[in-house]
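Peer 1: For reference, this is structure07.cif, and it has mmCIF, C-alpha atoms and all ligand atoms.
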data_work
#
loop_
_atom_site.label_atom_id
_atom_site.label_comp_id
_atom_site.auth_asym_id
_atom_site.auth_seq_id
_atom_site.Cartn_x
_atom_site.Cartn_y
_atom_site.Cartn_z
CA MET V 544 6.92 51.98 124.79
CA THR V 545 10.43 50.49 124.62
CA PRO V 546 10.45 47.54 122.21
CA LEU V 547 11.22 44.13 123.71
CA THR V 548 14.51 42.84 122.32
CA ILE V 549 14.40 39.33 120.82
CA VAL V 550 16.97 36.70 119.95
CA VAL V 551 15.62 33.88 117.76
CA VAL V 552 17.32 30.48 118.06
CA GLY V 553 16.91 28.16 115.06
CA ALA V 554 16.04 29.37 111.57
CA GLY V 555 14.74 26.14 110.04
CA SER V 556 11.45 25.47 108.34
CA ILE V 557 9.08 26.85 111.02
CA SER V 558 10.97 30.16 111.23
CA GLN V 559 9.31 31.19 107.95
CA LEU V 560 6.13 31.74 110.00
CA TRP V 561 7.91 33.50 112.85
CA PHE V 562 9.95 36.16 111.05
CA PRO V 563 6.84 37.82 109.53
CA ALA V 564 5.05 37.57 112.89
CA ILE V 565 7.98 39.31 114.60
CA THR V 566 8.73 41.97 112.00
CA GLN V 567 5.10 43.11 111.64
CA ARG V 568 5.15 44.38 115.25
CA ASP V 569 6.71 47.68 116.24
CA ASP V 570 6.85 46.77 119.94
CA VAL V 571 9.54 44.10 119.47
CA ASP V 572 13.03 44.32 118.03
CA LEU V 573 14.86 41.30 116.56
CA VAL V 574 18.49 41.82 117.57
CA ALA V 575 20.11 38.52 116.50
CA VAL V 576 19.46 35.02 115.16
CA VAL V 577 21.44 32.07 116.50
CA GLU V 578 21.70 29.08 114.12
CA ARG V 579 24.00 26.07 114.08
CA GLN V 580 24.03 26.39 110.30
CA PRO V 581 24.56 30.12 109.68
CA GLU V 582 24.02 29.79 105.90
CA VAL V 583 20.47 28.52 106.63
CA ALA V 584 19.75 31.61 108.72
CA HIS V 585 21.25 34.02 106.16
CA ALA V 586 19.10 32.53 103.39
CA ARG V 587 15.96 32.67 105.53
CA LEU V 588 16.53 36.28 106.62
CA GLU V 589 17.28 37.38 103.07
CA HIS V 590 14.07 35.72 101.88
CA HIS V 591 12.06 37.71 104.44
CA GLY V 592 14.00 40.93 103.88
CA VAL V 593 15.16 41.00 107.51
CA GLU V 594 18.49 42.60 108.35
CA THR V 595 19.93 41.28 111.58
CA GLY V 596 23.11 39.56 112.77
CA VAL V 597 23.53 35.77 112.58
CA GLU V 598 25.48 34.07 115.39
CA THR V 599 26.36 30.48 116.24
CA ASP V 600 27.09 30.64 119.99
CA LEU V 601 23.91 31.09 122.04
CA ALA V 602 25.49 31.85 125.44
CA ALA V 603 27.89 34.43 123.96
CA THR V 604 25.06 36.06 121.98
CA LEU V 605 22.88 36.35 125.08
CA GLU V 606 25.83 37.77 127.03
CA ARG V 607 26.40 40.36 124.29
CA TYR V 608 22.79 41.47 123.62
CA ARG V 609 21.09 40.76 126.98
CA PRO V 610 17.72 40.32 125.19
CA ASP V 611 14.40 40.50 127.00
CA VAL V 612 13.17 37.48 125.10
CA VAL V 613 14.43 34.31 123.41
CA ILE V 614 12.24 32.65 120.80
CA ASP V 615 13.28 29.00 120.58
CA LEU V 616 12.62 27.30 117.22
CA VAL V 617 15.14 24.46 117.47
CA VAL V 618 14.45 20.73 117.15
CA PRO V 619 12.82 19.13 120.23
CA ALA V 620 15.98 17.31 121.39
CA ALA V 621 17.87 20.64 121.68
CA ARG V 622 15.07 22.63 123.33
CA HIS V 623 15.82 21.90 127.00
CA GLY V 624 19.42 23.15 126.70
CA VAL V 625 18.39 26.27 124.79
CA ILE V 626 15.70 27.23 127.31
CA ARG V 627 17.97 26.56 130.28
CA THR V 628 20.66 28.78 128.71
CA ALA V 629 18.12 31.52 127.98
CA LEU V 630 16.73 31.48 131.53
CA ALA V 631 20.27 31.61 132.96
CA ALA V 632 20.82 34.78 130.91
CA GLY V 633 17.66 36.35 132.36
CA ALA V 634 15.47 36.08 129.26
CA HIS V 635 11.81 35.15 129.00
CA VAL V 636 11.24 32.32 126.52
CA LEU V 637 8.62 31.59 123.89
CA CYS V 638 9.22 28.19 122.30
CA GLU V 639 7.79 26.00 119.60
CA LYS V 640 6.01 22.79 120.55
CA PRO V 641 6.80 20.31 121.97
CA LEU V 642 8.03 22.03 125.15
CA ALA V 643 10.46 19.17 125.79
CA ALA V 644 11.58 15.78 124.59
CA THR V 645 10.67 14.12 127.93
CA LEU V 646 8.25 14.85 130.77
CA ASP V 647 11.15 15.20 133.22
CA GLU V 648 12.71 17.88 131.00
CA ALA V 649 9.37 19.69 130.82
CA ARG V 650 8.98 19.68 134.60
CA ASP V 651 12.57 20.82 135.02
CA LEU V 652 11.83 23.81 132.75
CA VAL V 653 8.75 24.72 134.78
CA ALA V 654 10.89 24.72 137.96
CA ALA V 655 13.72 26.64 136.27
CA ALA V 656 11.31 29.31 135.00
CA SER V 657 9.86 29.69 138.47
CA ASP V 658 13.33 29.94 140.06
CA ALA V 659 14.42 32.53 137.48
CA GLU V 660 11.10 34.43 137.80
CA ARG V 661 10.80 34.36 134.03
CA ILE V 662 8.01 33.28 131.70
CA VAL V 663 8.40 30.18 129.58
CA MET V 664 5.47 29.88 127.19
CA VAL V 665 4.84 27.30 124.48
CA SER V 666 3.44 28.33 121.13
CA GLN V 667 0.57 25.87 120.79
CA ASN V 668 -0.32 27.95 117.77
CA ARG V 669 -3.55 26.12 116.91
CA ARG V 670 -5.19 27.75 119.95
CA TRP V 671 -5.02 31.06 118.02
CA ASP V 672 -7.29 29.90 115.22
CA PRO V 673 -10.76 31.51 114.99
CA ASN V 674 -12.53 28.17 114.42
CA HIS V 675 -10.81 26.68 117.45
CA VAL V 676 -11.76 29.62 119.63
CA ALA V 677 -15.34 29.09 118.37
CA VAL V 678 -15.24 25.41 119.37
CA ARG V 679 -13.91 26.33 122.78
CA GLY V 680 -16.57 29.04 123.15
CA ALA V 681 -19.42 26.71 122.18
CA VAL V 682 -18.30 24.00 124.61
CA ALA V 683 -17.71 26.50 127.41
CA SER V 684 -21.16 28.05 126.86
CA GLY V 685 -22.75 24.79 128.02
CA VAL V 686 -24.94 24.54 124.92
CA LEU V 687 -23.97 20.85 124.48
CA GLY V 688 -25.19 20.04 128.00
CA ASP V 689 -22.93 17.80 130.09
CA LEU V 690 -19.86 16.82 128.07
CA VAL V 691 -19.72 13.12 127.26
CA ALA V 692 -16.90 12.51 124.77
CA ILE V 693 -14.50 14.12 122.31
CA TYR V 694 -13.33 12.31 119.17
CA GLY V 695 -10.44 13.48 116.98
CA ASP V 696 -9.03 12.13 113.70
CA PHE V 697 -5.85 13.17 111.91
CA PHE V 698 -4.70 11.38 108.76
CA SER V 699 -1.93 12.76 106.59
CA ALA V 700 0.97 11.62 104.43
CA ALA V 701 3.83 14.04 104.94
CA HIS V 702 7.14 12.74 103.61
CA PHE V 703 9.37 14.58 106.07
CA ASP V 704 13.07 14.07 106.32
CA GLY V 705 15.09 15.62 109.16
CA PHE V 706 14.40 15.10 112.86
CA ARG V 707 10.88 13.65 112.46
CA ALA V 708 12.14 10.77 110.36
CA GLU V 709 14.41 9.77 113.27
CA MET V 710 12.09 10.26 116.29
CA ASP V 711 10.74 7.23 118.20
CA SER V 712 7.21 8.70 118.27
CA PRO V 713 6.95 11.28 115.48
CA LEU V 714 3.15 11.18 115.49
CA LEU V 715 2.51 11.43 119.23
CA LEU V 716 5.33 13.79 120.22
CA ASP V 717 5.58 16.07 117.21
CA MET V 718 2.02 16.18 115.77
CA ALA V 719 -0.52 14.68 118.15
CA VAL V 720 0.85 17.14 120.72
CA HIS V 721 -1.15 19.75 118.75
CA HIS V 722 -4.31 17.63 118.73
CA LEU V 723 -4.11 16.51 122.35
CA ASP V 724 -3.53 20.15 123.32
CA LEU V 725 -6.60 21.09 121.28
CA ALA V 726 -8.61 18.43 123.12
CA ARG V 727 -7.59 20.10 126.40
CA PHE V 728 -8.33 23.55 124.97
CA PHE V 729 -11.75 22.53 123.63
CA THR V 730 -12.88 20.78 126.82
CA GLY V 731 -10.89 22.60 129.50
CA LEU V 732 -10.10 19.14 130.94
CA ASP V 733 -6.92 17.23 131.76
CA ALA V 734 -6.15 13.53 131.46
CA VAL V 735 -6.91 11.16 134.32
CA SER V 736 -5.79 7.94 132.61
CA VAL V 737 -4.58 6.98 129.14
CA TYR V 738 -4.46 3.80 127.06
CA ALA V 739 -2.72 3.98 123.68
CA GLU V 740 -1.25 1.91 120.90
CA GLU V 741 1.43 3.01 118.45
CA PHE V 742 1.85 1.46 115.01
CA PHE V 743 4.50 1.13 112.32
CA PRO V 744 2.33 1.21 109.18
CA HIS V 745 3.30 -0.96 106.19
CA GLY V 746 5.39 1.08 103.82
CA SER V 747 6.13 3.74 106.46
CA TRP V 748 8.98 6.08 105.60
CA TYR V 749 9.48 6.92 109.31
CA ARG V 750 11.90 5.06 111.60
CA GLY V 751 9.55 5.50 114.60
CA ALA V 752 5.87 4.88 115.24
CA ALA V 753 4.03 7.16 112.82
CA SER V 754 0.46 6.10 113.71
CA ALA V 755 -1.36 5.81 117.02
CA THR V 756 -4.70 5.50 118.73
CA VAL V 757 -5.26 7.13 122.12
CA SER V 758 -8.15 6.41 124.45
CA ALA V 759 -8.13 8.64 127.51
CA MET V 760 -10.38 9.40 130.43
CA LEU V 761 -10.39 13.14 131.05
CA GLY V 762 -11.69 14.94 134.11
CA ASP V 763 -15.46 14.86 134.79
CA GLY V 764 -15.60 11.36 133.22
CA VAL V 765 -15.30 12.75 129.68
CA HIS V 766 -13.86 10.25 127.19
CA LEU V 767 -11.23 11.22 124.59
CA SER V 768 -10.75 9.03 121.53
CA TYR V 769 -8.01 10.02 119.05
CA ARG V 770 -6.70 8.32 115.93
CA GLY V 771 -3.76 9.72 114.01
CA SER V 772 -1.33 8.80 111.28
CA TRP V 773 1.46 10.44 109.30
CA VAL V 774 1.35 7.53 106.83
CA ALA V 775 -2.13 7.75 105.29
CA GLU V 776 -2.16 8.51 101.57
CA GLY V 777 -5.50 9.64 100.14
CA HIS V 778 -8.50 11.32 101.84
CA GLN V 779 -6.15 13.22 104.13
CA THR V 780 -7.53 15.45 106.87
CA ASP V 781 -6.11 18.92 107.26
CA HIS V 782 -3.55 19.44 110.01
CA ASN V 783 -6.16 20.54 112.52
CA GLY V 784 -7.90 17.16 112.25
CA ARG V 785 -11.62 16.39 112.32
CA TRP V 786 -13.47 16.64 115.62
CA ARG V 787 -16.79 15.48 117.09
CA ILE V 788 -17.70 16.63 120.59
CA VAL V 789 -20.73 14.96 122.12
CA GLY V 790 -22.71 16.31 125.05
CA SER V 791 -25.96 15.28 126.74
CA ALA V 792 -27.90 17.90 124.71
CA GLY V 793 -26.21 17.63 121.30
CA THR V 794 -23.07 17.40 119.20
CA LEU V 795 -20.48 19.79 117.78
CA LEU V 796 -18.75 18.88 114.51
CA TYR V 797 -15.60 20.60 113.29
CA ALA V 798 -13.77 19.47 110.15
CA ASP V 799 -11.93 20.55 107.02
CA GLY V 800 -11.47 24.18 108.04
CA ALA V 801 -15.23 24.89 107.98
CA PRO V 802 -16.73 26.72 110.95
CA PRO V 803 -17.92 24.37 113.72
CA ARG V 804 -21.56 23.28 113.63
CA VAL V 805 -23.71 22.48 116.65
CA GLU V 806 -26.79 20.30 116.43
CA LEU V 807 -29.00 19.87 119.49
CA ALA V 808 -31.77 17.36 120.09
CA GLY V 809 -35.09 18.68 118.78
CA ASP V 810 -38.25 18.79 120.86
CA ARG V 811 -40.31 16.25 118.90
CA GLU V 812 -41.76 13.40 121.03
CA GLY V 813 -41.11 9.76 120.15
CA LEU V 814 -38.36 7.55 118.78
CA VAL V 815 -36.36 10.25 116.98
CA ARG V 816 -36.34 13.71 118.52
CA GLY V 817 -35.24 15.61 115.42
CA VAL V 818 -32.47 18.17 115.51
CA ALA V 819 -32.08 21.91 115.84
CA GLU V 820 -28.95 23.63 114.56
CA VAL V 821 -27.63 26.46 116.73
CA PRO V 822 -24.88 28.92 115.78
CA ALA V 823 -21.31 28.65 117.07
CA PRO V 824 -20.04 32.19 116.42
CA VAL V 825 -16.52 32.42 114.94
CA PRO V 826 -14.63 35.44 116.28
CA VAL V 827 -12.29 37.69 114.32
CA LEU V 828 -8.87 37.47 115.97
CA PRO V 829 -6.35 40.31 115.63
CA PHE V 830 -3.48 37.80 115.40
CA VAL V 831 -3.62 34.12 114.46
CA HIS V 832 -1.37 31.09 114.98
CA GLN V 833 2.30 32.03 115.64
CA ALA V 834 1.44 35.75 115.58
CA GLY V 835 -1.32 35.06 118.12
CA ALA V 836 1.06 33.21 120.41
CA LEU V 837 3.61 36.03 120.09
CA ASP V 838 0.97 38.65 120.93
CA ALA V 839 -0.16 36.75 124.04
CA PHE V 840 3.48 36.28 125.07
CA VAL V 841 4.36 39.97 124.63
CA ARG V 842 1.37 40.93 126.77
CA ALA V 843 2.44 38.40 129.42
CA VAL V 844 6.03 39.72 129.48
CA ARG V 845 4.67 43.26 129.85
CA GLY V 846 2.60 42.05 132.80
CA GLU V 847 -0.74 42.75 131.10
CA ALA V 848 -2.11 39.18 131.17
CA ALA V 849 -1.14 35.68 132.26
CA PRO V 850 0.51 33.53 129.56
CA PRO V 851 -2.28 31.21 128.32
CA THR V 852 0.07 28.37 127.36
CA SER V 853 2.72 28.66 130.05
CA ALA V 854 5.14 25.76 130.45
CA ALA V 855 3.30 24.88 133.68
CA ASP V 856 -0.01 24.60 131.81
CA ASN V 857 1.61 22.79 128.90
CA VAL V 858 2.76 19.98 131.21
CA GLY V 859 -0.91 18.92 131.09
CA THR V 860 -0.61 18.39 127.34
CA LEU V 861 2.70 16.55 127.65
CA GLU V 862 1.22 14.33 130.38
CA LEU V 863 -1.26 13.12 127.76
CA VAL V 864 1.47 12.66 125.14
CA PHE V 865 3.93 10.85 127.39
CA ALA V 866 1.26 8.75 129.12
CA ALA V 867 0.20 7.65 125.62
CA ILE V 868 3.79 6.74 124.73
CA ALA V 869 4.26 4.90 128.05
CA SER V 870 0.98 3.04 127.58
CA ALA V 871 1.93 2.02 124.04
CA ASP V 872 5.32 0.81 125.32
CA SER V 873 3.87 -1.19 128.22
CA GLY V 874 0.55 -2.33 126.80
CA ARG V 875 -1.15 -1.03 129.96
CA ARG V 876 -3.46 1.86 130.87
CA VAL V 877 -1.41 4.64 132.50
CA GLN V 878 -2.85 6.58 135.43
CA VAL V 879 -1.99 10.29 135.18
CA ARG V 880 -3.70 11.67 138.30
N1 LIG V 901 3.64 24.77 115.17
C1 LIG V 901 3.76 24.06 114.06
O1 LIG V 901 2.80 23.84 113.34
C2 LIG V 901 5.14 23.55 113.71
C3 LIG V 901 5.42 23.20 112.40
C4 LIG V 901 6.71 22.77 112.10
C5 LIG V 901 7.67 22.66 113.12
N2 LIG V 901 7.32 23.00 114.39
C6 LIG V 901 8.29 22.84 115.49
O2 LIG V 901 9.36 23.76 115.32
C7 LIG V 901 10.59 23.19 115.76
C8 LIG V 901 11.58 23.23 114.60
O3 LIG V 901 11.03 22.50 113.52
P1 LIG V 901 11.53 22.78 112.02
O4 LIG V 901 10.59 22.05 111.14
O5 LIG V 901 11.76 24.23 111.81
O6 LIG V 901 12.93 21.98 112.05
P2 LIG V 901 14.18 22.23 111.09
O7 LIG V 901 15.00 21.00 111.23
O8 LIG V 901 13.73 22.68 109.75
O9 LIG V 901 14.92 23.48 111.77
C9 LIG V 901 15.55 23.42 113.01
C10 LIG V 901 16.74 24.37 112.97
O10 LIG V 901 17.28 24.49 114.26
C11 LIG V 901 18.70 24.51 114.13
N3 LIG V 901 19.24 24.11 115.42
C12 LIG V 901 19.13 22.90 116.02
N4 LIG V 901 19.72 22.91 117.23
C13 LIG V 901 20.19 24.17 117.40
C14 LIG V 901 20.89 24.81 118.44
N5 LIG V 901 21.18 24.15 119.58
N6 LIG V 901 21.23 26.10 118.28
C15 LIG V 901 20.91 26.76 117.17
N7 LIG V 901 20.24 26.22 116.13
C16 LIG V 901 19.90 24.93 116.25
C17 LIG V 901 19.01 23.57 113.01
O11 LIG V 901 20.27 23.86 112.43
C18 LIG V 901 17.85 23.84 112.05
O12 LIG V 901 18.15 24.84 111.08
C19 LIG V 901 10.24 21.75 116.22
O13 LIG V 901 10.06 21.74 117.61
C20 LIG V 901 8.93 21.46 115.52
O14 LIG V 901 8.11 20.54 116.22
C21 LIG V 901 6.10 23.46 114.70
#
What would the structure in this file look like if it were written as structure tokens?
Peer 2:
Amino acid sequence: MTPLTIVVVGAGSISQLWFPAITQRDDVDLVAVVERQPEVAHARLEHHGVETGVETDLAATLERYRPDVVIDLVVPAARHGVIRTALAAGAHVLCEKPLAATLDEARDLVAAASDAERIVMVSQNRRWDPNHVAVRGAVASGVLGDLVAIYGDFFSAAHFDGFRAEMDSPLLLDMAVHHLDLARFFTGLDAVSVYAEEFFPHGSWYRGAASATVSAMLGDGVHLSYRGSWVAEGHQTDHNGRWRIVGSAGTLLYADGAPPRVELAGDREGLVRGVAEVPAPVPVLPFVHQAGALDAFVRAVRGEAAPPTSAADNVGTLELVFAAIASADSGRRVQVR
């Protein structure tokens, strides 16, 4: 099988997870890295023992190498231009989250991918986590009965500098995008309407709103309640957050990297019915996180399977994110569909 040729754009912090994911496969071939700061790319490649050319001009590099694939790891504000340039050069694109810095840009990329007959897929890497596949499997099995509500909490204290320190909504656009995508993945449901508030916590080291609460109505009348903060020292959650999913027959809990647990109502008569714990099997995945996204993308480019987090699908996640931002700005509930 001829390896797919890859150009990576952006060799910042997240690229340290991508270079091992790429170089462990023998069905892909990294032909060049494009970075605005070439010294950053050289240092990163040397660290990972990867020998490949470093370029600074994306269009010229694509013209020269004609790669099958561009992997876009740039900051969100630069993503739309990079993906547009890659599609114009005939490449399929796998990009980091968020797909775009605005909903209009995201929709434009969906249309551009369709026009170019190329795949644009977003690495929502937390979907390739065995515990998350277990949560999804348990909910989809119907064991919880009719879904009622999903609750998510994320509290952390990351002292980032760089682009996050300057964003208007670093929590909602750069981090909650993971959690709101997980809420869609876990339930299989999209937002109908969203009410949200954003906060500027006392002592925050971010310019923008680093905390938020989101209250959304999803399809089938399922309620989503999410609280998140980047400015929460002490008792931090992990980056996947803590989740409670309530159905008419019982509840699933998932927290702190432990496998999800399902408790159903027991069959005792009277005031308290008791509980019965049922298993939520955790699968073994051949590839996890970025490597999982890359594997799904390679199979999609080879025509073996549909891309699970295509740009078109990911618009559903960004609808939640941007409706939350619009609601926080206006103080009103935002209707999504
Ligand atoms: N999935 C995750 O868990 C996760 C974690 C961290 C970051 N990310 C995402 O990855 C992306 C990058 O984040 P990061 O932390 O690596 O940022 P970073 O600032 O460390 O790196 C970004 C790099 O892109 C380069 N760059 C910017 N514009 C460019 C352009 N037009 N052409 C070439 N290079 C360009 C910059 O010089 C920089 O080296 C963001 O979208 C971020 O949200 C995802």
Peer 1: For ligand LIG 901 (chain V), which residue among V:Val877, V:Ala823, V:Ala602, V:Val844 is the nearest when counting all atoms listed in the file?
Peer 2: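 Smallest separation from ligand LIG 901 (chain V) among the options: V:Ala602.
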Peer 1: So the first atom is atom CA of V:Leu761 and the second is atom CA of V:Val682; what is the distance between them in Å, to one decimal place?
Peer 2: 14.9 Å
Peer 1: Write out as a PyMOL selection string the residues lying within 8 Å of V:Ala644, counting all atoms listed in the file and excluding same-chain residues fewer than 4 positions away.
Peer 2: chain V and resi 619-620+622-623+648-649+716
Peer 1: Out of V:Ala700, V:Ile557, V:Val636, V:Val617, which residue has the shortest atom-to-atom distance to V:Ala775 when counting only C-alpha atoms?
Peer 2: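 Using only C-alpha atoms, V:Ala775 sits closest to V:Ala700.
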Peer 1: What is the distance, in Å and to one decimal place, between atom CA of V:Ala654 and atom CA of V:Arg845?
Peer 2: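 Here the two named atoms are 21.2 Å from each other.
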Peer 1: Please check which protein, DNA or RNA residues sit within 7 Å of ligand LIG 901 (chain V), counting only C-alpha atoms and all ligand atoms, and write them as an MDAnalysis selection string.
Peer 2: chainID V and resid 552:558 577:580 583 599 601 616:619 621 625 639:641 666:668 705:706 717
Peer 1: Return the single residue from V:Val858, V:Val613, V:Ala755, V:Leu588 that is closest to V:Gly695, with distances computed using all atoms listed in the file.
Peer 2: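 For V:Gly695, the nearest of the given residues is V:Ala755.
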Peer 1: Check the smallest atom-to-atom distance from each of V:Pro822, V:Gly596, V:Gly859, V:Gly784 to V:Val576 using all atoms listed in the file, then report the winner.
Peer 2: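 Ranking V:Pro822, V:Gly596, V:Gly859, V:Gly784 by distance to V:Val576, first place goes to V:Gly596.
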Peer 1: As number ranges by chain, please: the residues near V:Phe840 (cut-off 10 Å, only C-alpha atoms, same-chain neighbours under 5 positions excluded).
Peer 2: V: 612, 635-637, 662-666, 834-835, 845-853
Peer 1: Which is closer to V:Asp600 than all the others in V:Pro581, V:Val737, V:Gly777, V:Ala586, using all atoms listed in the file?
Peer 2: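 Checking each candidate against V:Asp600, we get V:Pro581 as the closest.
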Peer 1: Could you name the residues that touch V:Glu806 at 7 Å or less, counting only C-alpha atoms, but leaving out those on the same chain fewer than 2 positions away, as a list of chain:residue names?
Peer 2: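 Non-adjacent residues within range: V:Gly793, V:Thr794, V:Leu795, V:Arg804, V:Ala808, V:Val818, V:Ala819, V:Glu820, V:Val821.
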Peer 1: Which is closer to V:Asp856 than all the others in V:Arg679, V:Arg727, V:Arg607, V:Arg750, using all atoms listed in the file?
Peer 2: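 Ranking V:Arg679, V:Arg727, V:Arg607, V:Arg750 by distance to V:Asp856, first place goes to V:Arg727.
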Peer 1: What's the 7 Å shell around V:Val879, counting all atoms listed in the file, without same-chain residues fewer than 3 positions away, as a VMD selection string?
Peer 2: chain V and resid 734 to 736
